[in-house]
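*Asks:* As input, take data_39.cif (mmCIF, C-alpha atoms):
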data_data
#
loop_
_atom_site.group_PDB
_atom_site.id
_atom_site.type_symbol
_atom_site.label_atom_id
_atom_site.label_comp_id
_atom_site.auth_asym_id
_atom_site.auth_seq_id
_atom_site.Cartn_x
_atom_site.Cartn_y
_atom_site.Cartn_z
ATOM 1 C CA MET A 1 70.789 78.772 152.731
ATOM 2 C CA VAL A 2 68.877 79.960 149.662
ATOM 3 C CA PHE A 3 65.286 78.823 149.338
ATOM 4 C CA ILE A 4 64.493 77.541 145.824
ATOM 5 C CA PRO A 5 60.715 77.343 145.430
ATOM 6 C CA SER A 6 59.233 74.142 144.067
ATOM 7 C CA TYR A 7 57.133 76.153 141.657
ATOM 8 C CA THR A 8 55.612 74.329 138.719
ATOM 9 C CA GLY A 9 53.214 76.467 137.878
ATOM 10 C CA PHE A 10 66.236 80.319 110.532
ATOM 11 C CA VAL A 11 66.970 83.895 111.599
ATOM 12 C CA GLU A 12 68.997 85.678 108.886
ATOM 13 C CA GLY A 13 72.573 86.272 109.945
ATOM 14 C CA GLN A 14 72.658 83.649 112.695
ATOM 15 C CA SER A 15 75.841 81.662 113.139
ATOM 16 C CA ALA A 16 76.090 78.289 111.444
ATOM 17 C CA LYS A 17 77.092 76.379 114.563
ATOM 18 C CA PRO A 18 76.338 76.657 118.257
ATOM 19 C CA VAL A 19 78.717 78.434 120.589
ATOM 20 C CA THR A 20 80.722 76.131 122.802
ATOM 21 C CA ASN A 21 82.395 78.799 124.918
ATOM 22 C CA VAL A 22 81.771 82.409 125.785
ATOM 23 C CA SER A 23 83.824 85.177 124.316
ATOM 24 C CA ASN A 24 86.720 86.622 126.269
ATOM 25 C CA LEU A 25 84.678 88.965 128.446
ATOM 26 C CA ALA A 26 87.036 90.143 131.131
ATOM 27 C CA LEU A 27 86.392 89.517 134.814
ATOM 28 C CA SER A 28 88.176 91.439 137.511
ATOM 29 C CA GLU A 29 90.291 89.460 139.945
ATOM 30 C CA ASP A 30 87.626 89.992 142.603
ATOM 31 C CA MET A 31 84.921 88.651 140.302
ATOM 32 C CA LYS A 32 86.982 85.558 139.515
ATOM 33 C CA LYS A 33 86.946 84.702 143.195
ATOM 34 C CA VAL A 34 83.160 84.758 143.474
ATOM 35 C CA ASN A 35 81.770 81.305 144.218
ATOM 36 C CA LEU A 36 78.590 80.195 142.470
ATOM 37 C CA GLN A 37 75.784 77.786 143.231
ATOM 38 C CA ASN A 38 73.854 76.347 140.306
ATOM 39 C CA LYS A 39 71.115 73.820 139.725
ATOM 40 C CA THR A 40 68.430 72.798 137.266
ATOM 41 C CA VAL A 41 64.954 73.868 138.348
ATOM 42 C CA GLN A 42 61.476 73.209 137.016
ATOM 43 C CA TYR A 43 59.671 76.525 136.787
ATOM 44 C CA PHE A 44 57.004 75.989 134.109
ATOM 45 C CA GLU A 45 55.186 72.818 133.042
ATOM 46 C CA ASP A 46 57.938 70.604 131.574
ATOM 47 C CA ALA A 47 60.424 73.477 131.181
ATOM 48 C CA GLN A 48 63.565 73.247 133.264
ATOM 49 C CA GLY A 49 65.824 76.252 133.609
ATOM 50 C CA TYR A 50 69.418 76.741 134.692
ATOM 51 C CA LEU A 51 69.537 78.715 137.952
ATOM 52 C CA VAL A 52 72.821 80.203 139.197
ATOM 53 C CA TYR A 53 73.681 82.728 141.872
ATOM 54 C CA PRO A 54 76.674 83.910 143.903
ATOM 55 C CA VAL A 55 77.232 82.494 147.356
ATOM 56 C CA SER A 56 78.885 84.220 150.254
ATOM 57 C CA SER A 57 80.513 82.926 153.422
ATOM 58 C CA SER A 58 78.567 85.652 155.211
ATOM 59 C CA ASP A 59 74.867 85.426 156.066
ATOM 60 C CA SER A 60 74.507 89.168 155.476
ATOM 61 C CA GLN A 61 74.500 88.971 151.666
ATOM 62 C CA GLY A 62 70.942 90.271 151.472
ATOM 63 C CA LYS A 63 68.603 90.145 148.519
ATOM 64 C CA LEU A 64 70.025 90.320 144.997
ATOM 65 C CA PRO A 65 68.783 91.585 141.638
ATOM 66 C CA ALA A 66 67.809 88.851 139.193
ATOM 67 C CA VAL A 67 67.781 88.222 135.452
ATOM 68 C CA VAL A 68 65.665 86.006 133.230
ATOM 69 C CA MET A 69 68.176 85.085 130.522
ATOM 70 C CA ILE A 70 66.706 84.000 127.186
ATOM 71 C CA HIS A 71 68.654 81.802 124.795
ATOM 72 C CA GLU A 72 69.458 82.211 121.118
ATOM 73 C CA TRP A 73 67.937 79.871 118.562
ATOM 74 C CA TRP A 74 70.150 76.999 119.761
ATOM 75 C CA GLY A 75 68.438 76.598 123.128
ATOM 76 C CA VAL A 76 69.918 76.394 126.613
ATOM 77 C CA ASN A 77 73.353 75.152 125.603
ATOM 78 C CA GLN A 78 76.658 75.495 127.420
ATOM 79 C CA ASN A 79 77.204 78.993 126.077
ATOM 80 C CA ILE A 80 74.006 80.249 127.706
ATOM 81 C CA LYS A 81 74.966 78.584 130.968
ATOM 82 C CA ASP A 82 78.418 80.177 130.769
ATOM 83 C CA MET A 83 76.865 83.589 130.156
ATOM 84 C CA ALA A 84 74.555 83.031 133.115
ATOM 85 C CA ASN A 85 77.581 82.178 135.257
ATOM 86 C CA LEU A 86 79.363 85.299 134.043
ATOM 87 C CA LEU A 87 76.456 87.508 135.026
ATOM 88 C CA ALA A 88 75.973 85.732 138.349
ATOM 89 C CA LYS A 89 79.544 86.620 139.261
ATOM 90 C CA GLN A 90 78.469 90.255 138.948
ATOM 91 C CA GLY A 91 76.004 89.757 141.791
ATOM 92 C CA PHE A 92 72.846 88.560 140.036
ATOM 93 C CA VAL A 93 70.602 85.567 140.478
ATOM 94 C CA VAL A 94 70.167 84.289 136.921
ATOM 95 C CA LEU A 95 67.552 81.918 135.560
ATOM 96 C CA ALA A 96 68.294 80.788 132.008
ATOM 97 C CA ALA A 97 64.773 80.036 130.809
ATOM 98 C CA ASP A 98 64.086 77.252 128.321
ATOM 99 C CA LEU A 99 61.583 77.943 125.553
ATOM 100 C CA TYR A 100 62.355 74.617 123.867
ATOM 101 C CA HIS A 101 61.335 72.352 126.747
ATOM 102 C CA GLY A 102 64.634 70.523 127.025
ATOM 103 C CA LYS A 103 65.566 70.440 123.349
ATOM 104 C CA VAL A 104 68.894 71.878 122.161
ATOM 105 C CA ALA A 105 69.819 72.303 118.494
ATOM 106 C CA ASP A 106 73.229 71.403 117.072
ATOM 107 C CA ASN A 107 72.602 72.471 113.485
ATOM 108 C CA PRO A 108 70.806 75.399 111.797
ATOM 109 C CA GLN A 109 67.973 73.294 110.390
ATOM 110 C CA ARG A 110 67.018 71.975 113.806
ATOM 111 C CA ALA A 111 67.446 75.421 115.349
ATOM 112 C CA MET A 112 65.055 76.868 112.790
ATOM 113 C CA GLU A 113 62.497 74.175 113.551
ATOM 114 C CA LEU A 114 62.653 74.964 117.260
ATOM 115 C CA VAL A 115 62.416 78.719 116.681
ATOM 116 C CA GLN A 116 59.324 78.253 114.535
ATOM 117 C CA MET A 117 57.693 75.985 117.116
ATOM 118 C CA ALA A 118 58.283 78.562 119.845
ATOM 119 C CA ARG A 119 57.026 81.450 117.711
ATOM 120 C CA ASN A 120 54.025 79.518 116.409
ATOM 121 C CA ASN A 121 52.995 79.033 120.032
ATOM 122 C CA GLN A 122 53.909 82.517 121.212
ATOM 123 C CA ASN A 123 51.296 82.559 123.940
ATOM 124 C CA ASN A 124 52.953 79.539 125.524
ATOM 125 C CA SER A 125 56.388 81.143 125.154
ATOM 126 C CA ILE A 126 55.169 84.277 126.906
ATOM 127 C CA ALA A 127 53.563 82.221 129.661
ATOM 128 C CA ASN A 128 56.861 80.356 130.047
ATOM 129 C CA LEU A 129 58.790 83.593 130.552
ATOM 130 C CA GLN A 130 56.141 85.055 132.845
ATOM 131 C CA GLU A 131 56.473 81.991 135.042
ATOM 132 C CA ALA A 132 60.258 82.419 135.020
ATOM 133 C CA VAL A 133 59.759 85.921 136.432
ATOM 134 C CA LYS A 134 57.313 84.604 139.013
ATOM 135 C CA TYR A 135 59.677 81.810 139.968
ATOM 136 C CA LEU A 136 62.539 84.235 140.560
ATOM 137 C CA SER A 137 60.290 86.506 142.616
ATOM 138 C CA LEU A 138 59.791 83.588 145.041
ATOM 139 C CA VAL A 139 63.481 82.785 145.509
ATOM 140 C CA SER A 140 64.447 83.951 148.981
ATOM 141 C CA ASN A 141 67.620 85.808 148.014
ATOM 142 C CA VAL A 142 65.979 87.726 145.135
ATOM 143 C CA ASP A 143 64.698 91.281 145.324
ATOM 144 C CA SER A 144 61.429 90.796 143.448
ATOM 145 C CA THR A 145 61.378 94.474 142.424
ATOM 146 C CA LYS A 146 64.662 94.099 140.552
ATOM 147 C CA ILE A 147 64.066 91.405 137.944
ATOM 148 C CA THR A 148 65.345 92.067 134.414
ATOM 149 C CA SER A 149 65.118 90.161 131.135
ATOM 150 C CA LEU A 150 68.066 89.713 128.769
ATOM 151 C CA GLY A 151 68.253 87.887 125.457
ATOM 152 C CA TRP A 152 70.162 87.585 122.190
ATOM 153 C CA CYS A 153 68.735 87.228 118.648
ATOM 154 C CA PHE A 154 65.620 85.052 119.027
ATOM 155 C CA GLY A 155 65.972 85.517 122.777
ATOM 156 C CA GLY A 156 66.236 89.273 122.343
ATOM 157 C CA GLY A 157 62.930 89.284 120.534
ATOM 158 C CA GLN A 158 61.437 87.184 123.320
ATOM 159 C CA SER A 159 62.866 89.567 125.922
ATOM 160 C CA LEU A 160 60.896 92.337 124.239
ATOM 161 C CA GLN A 161 57.772 90.170 124.039
ATOM 162 C CA LEU A 162 58.038 89.544 127.769
ATOM 163 C CA ALA A 163 58.250 93.298 128.365
ATOM 164 C CA LEU A 164 55.045 93.808 126.385
ATOM 165 C CA ASN A 165 53.283 91.224 128.548
ATOM 166 C CA SER A 166 54.578 91.938 132.053
ATOM 167 C CA GLN A 167 52.008 94.318 133.434
ATOM 168 C CA GLU A 168 51.028 91.864 136.195
ATOM 169 C CA HIS A 169 54.649 91.377 137.307
ATOM 170 C CA PRO A 170 56.524 94.523 136.175
ATOM 171 C CA LEU A 171 60.193 94.213 135.324
ATOM 172 C CA ALA A 172 63.009 96.478 136.438
ATOM 173 C CA ALA A 173 64.520 96.631 132.935
ATOM 174 C CA THR A 174 64.553 94.954 129.524
ATOM 175 C CA ILE A 175 67.696 94.168 127.518
ATOM 176 C CA LEU A 176 67.815 92.896 123.956
ATOM 177 C CA TYR A 177 70.776 92.198 121.726
ATOM 178 C CA TYR A 178 69.637 92.491 118.072
ATOM 179 C CA GLY A 179 66.280 90.992 119.007
ATOM 180 C CA THR A 180 64.063 89.599 116.271
ATOM 181 C CA PRO A 181 61.374 90.388 115.480
ATOM 182 C CA LEU A 182 61.728 94.007 116.591
ATOM 183 C CA VAL A 183 58.497 95.696 117.652
ATOM 184 C CA THR A 184 58.374 99.357 116.611
ATOM 185 C CA ASP A 185 54.708 100.243 117.134
ATOM 186 C CA LYS A 186 54.430 103.130 119.603
ATOM 187 C CA GLN A 187 51.134 101.989 121.096
ATOM 188 C CA SER A 188 52.477 98.489 121.779
ATOM 189 C CA LEU A 189 55.744 99.748 123.254
ATOM 190 C CA SER A 190 53.920 102.204 125.512
ATOM 191 C CA LYS A 191 53.026 99.246 127.749
ATOM 192 C CA ILE A 192 56.640 99.220 128.956
ATOM 193 C CA LYS A 193 57.157 101.251 132.124
ATOM 194 C CA TRP A 194 60.847 100.631 132.772
ATOM 195 C CA PRO A 195 64.220 101.258 131.070
ATOM 196 C CA VAL A 196 65.165 99.452 127.858
ATOM 197 C CA LEU A 197 68.653 98.675 126.537
ATOM 198 C CA GLY A 198 69.011 97.762 122.864
ATOM 199 C CA ILE A 199 72.241 96.570 121.237
ATOM 200 C CA PHE A 200 72.461 96.497 117.423
ATOM 201 C CA GLY A 201 74.886 96.453 114.500
ATOM 202 C CA ASP A 202 74.416 98.771 111.520
ATOM 203 C CA LYS A 203 75.194 95.978 109.043
ATOM 204 C CA ASP A 204 72.494 93.678 110.407
ATOM 205 C CA GLU A 205 70.635 92.280 107.401
ATOM 206 C CA ALA A 206 67.912 90.859 109.650
ATOM 207 C CA ILE A 207 67.093 94.179 111.319
ATOM 208 C CA PRO A 208 67.155 97.240 109.038
ATOM 209 C CA MET A 209 68.471 100.381 110.689
ATOM 210 C CA GLY A 210 65.184 102.066 109.838
ATOM 211 C CA GLU A 211 63.465 99.678 112.244
ATOM 212 C CA VAL A 212 66.033 100.323 114.959
ATOM 213 C CA ASN A 213 65.607 104.079 114.568
ATOM 214 C CA GLN A 214 61.823 103.728 114.684
ATOM 215 C CA PHE A 215 62.162 101.547 117.786
ATOM 216 C CA ARG A 216 64.135 104.290 119.508
ATOM 217 C CA THR A 217 61.752 107.011 118.320
ATOM 218 C CA SER A 218 58.709 105.120 119.596
ATOM 219 C CA LEU A 219 60.364 104.537 122.962
ATOM 220 C CA ASN A 220 61.220 108.232 123.211
ATOM 221 C CA GLN A 221 57.751 109.333 122.197
ATOM 222 C CA SER A 222 56.290 107.048 124.852
ATOM 223 C CA GLY A 223 58.561 108.525 127.512
ATOM 224 C CA ILE A 224 60.390 105.237 128.057
ATOM 225 C CA THR A 225 63.927 105.591 129.341
ATOM 226 C CA ASN A 226 66.194 103.860 126.852
ATOM 227 C CA GLU A 227 69.727 103.361 125.688
ATOM 228 C CA ILE A 228 70.062 102.232 122.072
ATOM 229 C CA HIS A 229 73.612 101.467 120.956
ATOM 230 C CA ILE A 230 74.346 100.843 117.280
ATOM 231 C CA TYR A 231 77.801 99.505 116.448
ATOM 232 C CA ASN A 232 79.228 100.515 113.093
ATOM 233 C CA GLY A 233 80.480 97.892 110.690
ATOM 234 C CA VAL A 234 79.072 94.812 112.415
ATOM 235 C CA GLY A 235 76.174 92.566 111.507
ATOM 236 C CA HIS A 236 73.649 90.297 113.162
ATOM 237 C CA ALA A 237 74.840 88.093 116.035
ATOM 238 C CA PHE A 238 78.110 89.994 116.307
ATOM 239 C CA ALA A 239 78.372 88.948 119.973
ATOM 240 C CA ASN A 240 78.328 85.248 119.087
ATOM 241 C CA PRO A 241 81.905 83.874 119.225
ATOM 242 C CA SER A 242 81.176 81.001 116.830
ATOM 243 C CA GLY A 243 79.723 83.082 114.020
ATOM 244 C CA ASP A 244 81.295 84.734 110.996
ATOM 245 C CA ASN A 245 80.006 88.096 112.258
ATOM 246 C CA TYR A 246 81.732 87.861 115.628
ATOM 247 C CA ALA A 247 83.266 91.205 116.639
ATOM 248 C CA PRO A 248 85.245 90.785 119.895
ATOM 249 C CA LYS A 249 85.938 94.480 120.498
ATOM 250 C CA GLU A 250 82.305 95.484 120.026
ATOM 251 C CA THR A 251 81.139 92.485 122.061
ATOM 252 C CA SER A 252 83.315 93.489 124.989
ATOM 253 C CA ASP A 253 82.114 97.088 124.795
ATOM 254 C CA ALA A 254 78.470 95.999 124.577
ATOM 255 C CA TRP A 255 78.899 93.792 127.645
ATOM 256 C CA GLN A 256 80.364 96.669 129.621
ATOM 257 C CA LYS A 257 77.453 98.856 128.524
ATOM 258 C CA THR A 258 75.098 96.099 129.660
ATOM 259 C CA LEU A 259 76.702 95.949 133.104
ATOM 260 C CA SER A 260 76.679 99.759 133.388
ATOM 261 C CA PHE A 261 72.995 99.842 132.405
ATOM 262 C CA LEU A 262 72.135 97.223 135.027
ATOM 263 C CA LYS A 263 74.107 99.082 137.659
ATOM 264 C CA LYS A 264 72.420 102.408 136.876
ATOM 265 C CA TYR A 265 68.835 101.315 136.437
ATOM 266 C CA VAL A 266 68.568 98.129 138.503
ATOM 267 C CA ILE A 267 71.210 97.882 141.217
ATOM 268 C CA GLU A 268 71.347 101.525 142.289
ATOM 269 C CA THR A 269 67.634 102.321 142.114
#
What is this structure when it is put down as structure tokens?
*Replies:*
Amino acid sequence: MVFIPSYTGFVEGQSAKPVTNVSNLALSEDMKKVNLQNKTVQYFEDAQGYLVYPVSSSDSQGKLPAVVMIHEWWGVNQNIKDMANLLAKQGFVVLAADLYHGKVADNPQRAMELVQMARNNQNNSIANLQEAVKYLSLVSNVDSTKITSLGWCFGGGQSLQLALNSQEHPLAATILYYGTPLVTDKQSLSKIKWPVLGIFGDKDEAIPMGEVNQFRTSLNQSGITNEIHIYNGVGHAFANPSGDNYAPKETSDAWQKTLSFLKKYVIET
């Protein structure tokens, strides 16, 4: 029995429609057999997140690593829930946080409005994500020392913002897929004390490669362990199956790099 605490405490290059299904990211036969438990939980003010985790017939499962998953500009739609399920099958407790307080966009104009509202109230967005971390740390089957953040596009930028504001509850790792805006200032990034994974495309019109290179340089100069992968010939949101920039081969490779990064720096530490 898993205890769930009753804790209450337009981006350039984005796809023109929300994703309705995840890309064909392969699962092993063993992973396909993993059973999941999911539910909607209130973790911050009026924000409800999607919580999912693997369940075992054995009581000896032990504590698991966890991930705060941060949505694209659409909000917590079915794609984000499917991605959370996919990661949960790999042995993670996943909380898909909601920075839109229950709202989900179905067109670019509405998505842009919601992005701007979240960014215009960035302090509230950070507090939201901090509470998501705190919530996960109180779940009985979570190892509170192994909580990671992961986000795409808008959510990637928010994943980085969380890292810059997590000194009270340190993370185990930070992952961002072409996160916007990208912070490159060395002094700001020096607040991060854990590994960072960055996934980018060299044709991304929203994130110039000069910024990506400066991001990596600043991380290196600050002594922050990092893996920065830049895929040639792909643009912004290349891992989004509904977008014109979708690149299935690169998406699959990036996902495997994500799982390898989590295994190396979170699971095996």
*Asks:* Hey, which of A:Phe154, A:Ser56, A:Leu25, A:Val196 ends up closest to Glu250 of chain A? Count all atoms listed in the file.
*Replies:*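 Ranked by minimum distance to Glu250 of chain A, first place goes to A:Leu25.
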*Asks:* With only C-alpha atoms as the counted atoms, please give the residues lying no more than 7 Å from segment 69-77 of chain A, apart from itself and same-chain residues fewer than 6 positions off, as a list in words.
*Replies:*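 Non-adjacent residues within range: Pro18, Val94, Leu95, Ala96, Ala97, Asp98, Tyr100, Lys103, Val104, Ala105, Asp106, Ala111, Val115, Ser149, Leu150, Gly151, Trp152, Cys153, Phe154, Gly155 and Ser159 of chain A.
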*Asks:* Give as a VMD selection string the residues that the PyMOL selection byres ((chain A and resi 125) around 12) matches when applied to the coordinates above.
*Replies:* chain A and resid 44 to 45 47 70 97 to 101 114 to 124 126 to 132 154 to 155 157 to 159 161 to 162 165
*Asks:* For the file shown, report as a ChimeraX atom specification the outcome of the PyMOL selection byres ((chain A and resi 82-86) around 10) at residue level.
*Replies:* /A:20-23,25-27,31-32,35-38,50-54,67-71,77-81,87-96
*Asks:* State, in Å with one decimal place, the distance from atom CA of Asp30 of chain A to atom CA of Leu136 of chain A.
*Replies:*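 Calculated distance between atom CA of Asp30 of chain A and atom CA of Leu136 of chain A is 25.8 Å.
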*Asks:* Show me, as an MDAnalysis selection string, the residues that have an atom within 6 Å of Gly198 of chain A when counting only C-alpha atoms, minus same-chain residues fewer than 4 positions from it.
*Replies:* chainID A and resid 176:177 228
*Asks:* How far is it from atom CA of Thr225 of chain A to atom CA of Pro65 of chain A, in Å with one decimal?
*Replies:*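 Result for atom CA of Thr225 of chain A versus atom CA of Pro65 of chain A: 19.3 Å, one decimal.
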*Asks:* With 8 Å on each side, where is the centre of the axis-aligned box around all listed atoms of segment 137-151 of chain A, and how long are its edges in Å to one decimal, as JSON?
*Replies:*
{"center_x": 64.0, "center_y": 88.6, "center_z": 137.2, "size_x": 24.5, "size_y": 27.7, "size_z": 39.5}
*Asks:* Which residues would end up in the selection if the PyMOL selection byres ((chain A and resi 212-222) around 12) were applied here, given that I need the answer as a PDB file with C-alpha atoms, keeping the file's coordinate frame?
*Replies:*
ATOM      1  CA  LEU A 160      60.896  92.337 124.239  1.00  0.00           C
ATOM      2  CA  LEU A 176      67.815  92.896 123.956  1.00  0.00           C
ATOM      3  CA  TYR A 177      70.776  92.198 121.726  1.00  0.00           C
ATOM      4  CA  TYR A 178      69.637  92.491 118.072  1.00  0.00           C
ATOM      5  CA  GLY A 179      66.280  90.992 119.007  1.00  0.00           C
ATOM      6  CA  THR A 180      64.063  89.599 116.271  1.00  0.00           C
ATOM      7  CA  PRO A 181      61.374  90.388 115.480  1.00  0.00           C
ATOM      8  CA  LEU A 182      61.728  94.007 116.591  1.00  0.00           C
ATOM      9  CA  VAL A 183      58.497  95.696 117.652  1.00  0.00           C
ATOM     10  CA  THR A 184      58.374  99.357 116.611  1.00  0.00           C
ATOM     11  CA  ASP A 185      54.708 100.243 117.134  1.00  0.00           C
ATOM     12  CA  LYS A 186      54.430 103.130 119.603  1.00  0.00           C
ATOM     13  CA  GLN A 187      51.134 101.989 121.096  1.00  0.00           C
ATOM     14  CA  SER A 188      52.477  98.489 121.779  1.00  0.00           C
ATOM     15  CA  LEU A 189      55.744  99.748 123.254  1.00  0.00           C
ATOM     16  CA  SER A 190      53.920 102.204 125.512  1.00  0.00           C
ATOM     17  CA  LYS A 191      53.026  99.246 127.749  1.00  0.00           C
ATOM     18  CA  ILE A 192      56.640  99.220 128.956  1.00  0.00           C
ATOM     19  CA  LYS A 193      57.157 101.251 132.124  1.00  0.00           C
ATOM     20  CA  TRP A 194      60.847 100.631 132.772  1.00  0.00           C
ATOM     21  CA  PRO A 195      64.220 101.258 131.070  1.00  0.00           C
ATOM     22  CA  VAL A 196      65.165  99.452 127.858  1.00  0.00           C
ATOM     23  CA  LEU A 197      68.653  98.675 126.537  1.00  0.00           C
ATOM     24  CA  GLY A 198      69.011  97.762 122.864  1.00  0.00           C
ATOM     25  CA  ILE A 199      72.241  96.570 121.237  1.00  0.00           C
ATOM     26  CA  PHE A 200      72.461  96.497 117.423  1.00  0.00           C
ATOM     27  CA  GLY A 201      74.886  96.453 114.500  1.00  0.00           C
ATOM     28  CA  ASP A 202      74.416  98.771 111.520  1.00  0.00           C
ATOM     29  CA  LYS A 203      75.194  95.978 109.043  1.00  0.00           C
ATOM     30  CA  ASP A 204      72.494  93.678 110.407  1.00  0.00           C
ATOM     31  CA  GLU A 205      70.635  92.280 107.401  1.00  0.00           C
ATOM     32  CA  ALA A 206      67.912  90.859 109.650  1.00  0.00           C
ATOM     33  CA  ILE A 207      67.093  94.179 111.319  1.00  0.00           C
ATOM     34  CA  PRO A 208      67.155  97.240 109.038  1.00  0.00           C
ATOM     35  CA  MET A 209      68.471 100.381 110.689  1.00  0.00           C
ATOM     36  CA  GLY A 210      65.184 102.066 109.838  1.00  0.00           C
ATOM     37  CA  GLU A 211      63.465  99.678 112.244  1.00  0.00           C
ATOM     38  CA  GLY A 223      58.561 108.525 127.512  1.00  0.00           C
ATOM     39  CA  ILE A 224      60.390 105.237 128.057  1.00  0.00           C
ATOM     40  CA  THR A 225      63.927 105.591 129.341  1.00  0.00           C
ATOM     41  CA  ASN A 226      66.194 103.860 126.852  1.00  0.00           C
ATOM     42  CA  GLU A 227      69.727 103.361 125.688  1.00  0.00           C
ATOM     43  CA  ILE A 228      70.062 102.232 122.072  1.00  0.00           C
ATOM     44  CA  HIS A 229      73.612 101.467 120.956  1.00  0.00           C
ATOM     45  CA  ILE A 230      74.346 100.843 117.280  1.00  0.00           C
ATOM     46  CA  TYR A 231      77.801  99.505 116.448  1.00  0.00           C
TER      47      TYR A 231
END
*Asks:* Please report the interatomic distance between atom CA of Ser166 of chain A and atom CA of Lys63 of chain A in Å with one decimal.
*Replies:*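 If I compute the distance from atom CA of Ser166 of chain A to atom CA of Lys63 of chain A, I get 21.7 Å.
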*Asks:* Let me make sure I understand: among A:Asn141, A:Gln48, A:Thr269, A:Thr40, which one has the smallest atom-to-atom distance to Ala173 of chain A if we use all atoms listed in the file?
*Replies:*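 Among A:Asn141, A:Gln48, A:Thr269, A:Thr40, it is A:Thr269 that comes nearest to Ala173 of chain A.
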*Asks:* Could you give me, as a PyMOL selection string, the residues within 7 Å of Asn245 of chain A, counting only C-alpha atoms and dropping anything in the same chain fewer than 5 positions from it?
*Replies:* chain A and resi 234-238
*Asks:* Determine, counting only C-alpha atoms, which protein, DNA and RNA residues have an atom within 10 Å of an atom of Thr145 of chain A; residues of the same chain fewer than 5 positions away are not included. Present the result as number ranges by chain.
*Replies:* A: 64-66, 137, 169-172, 266
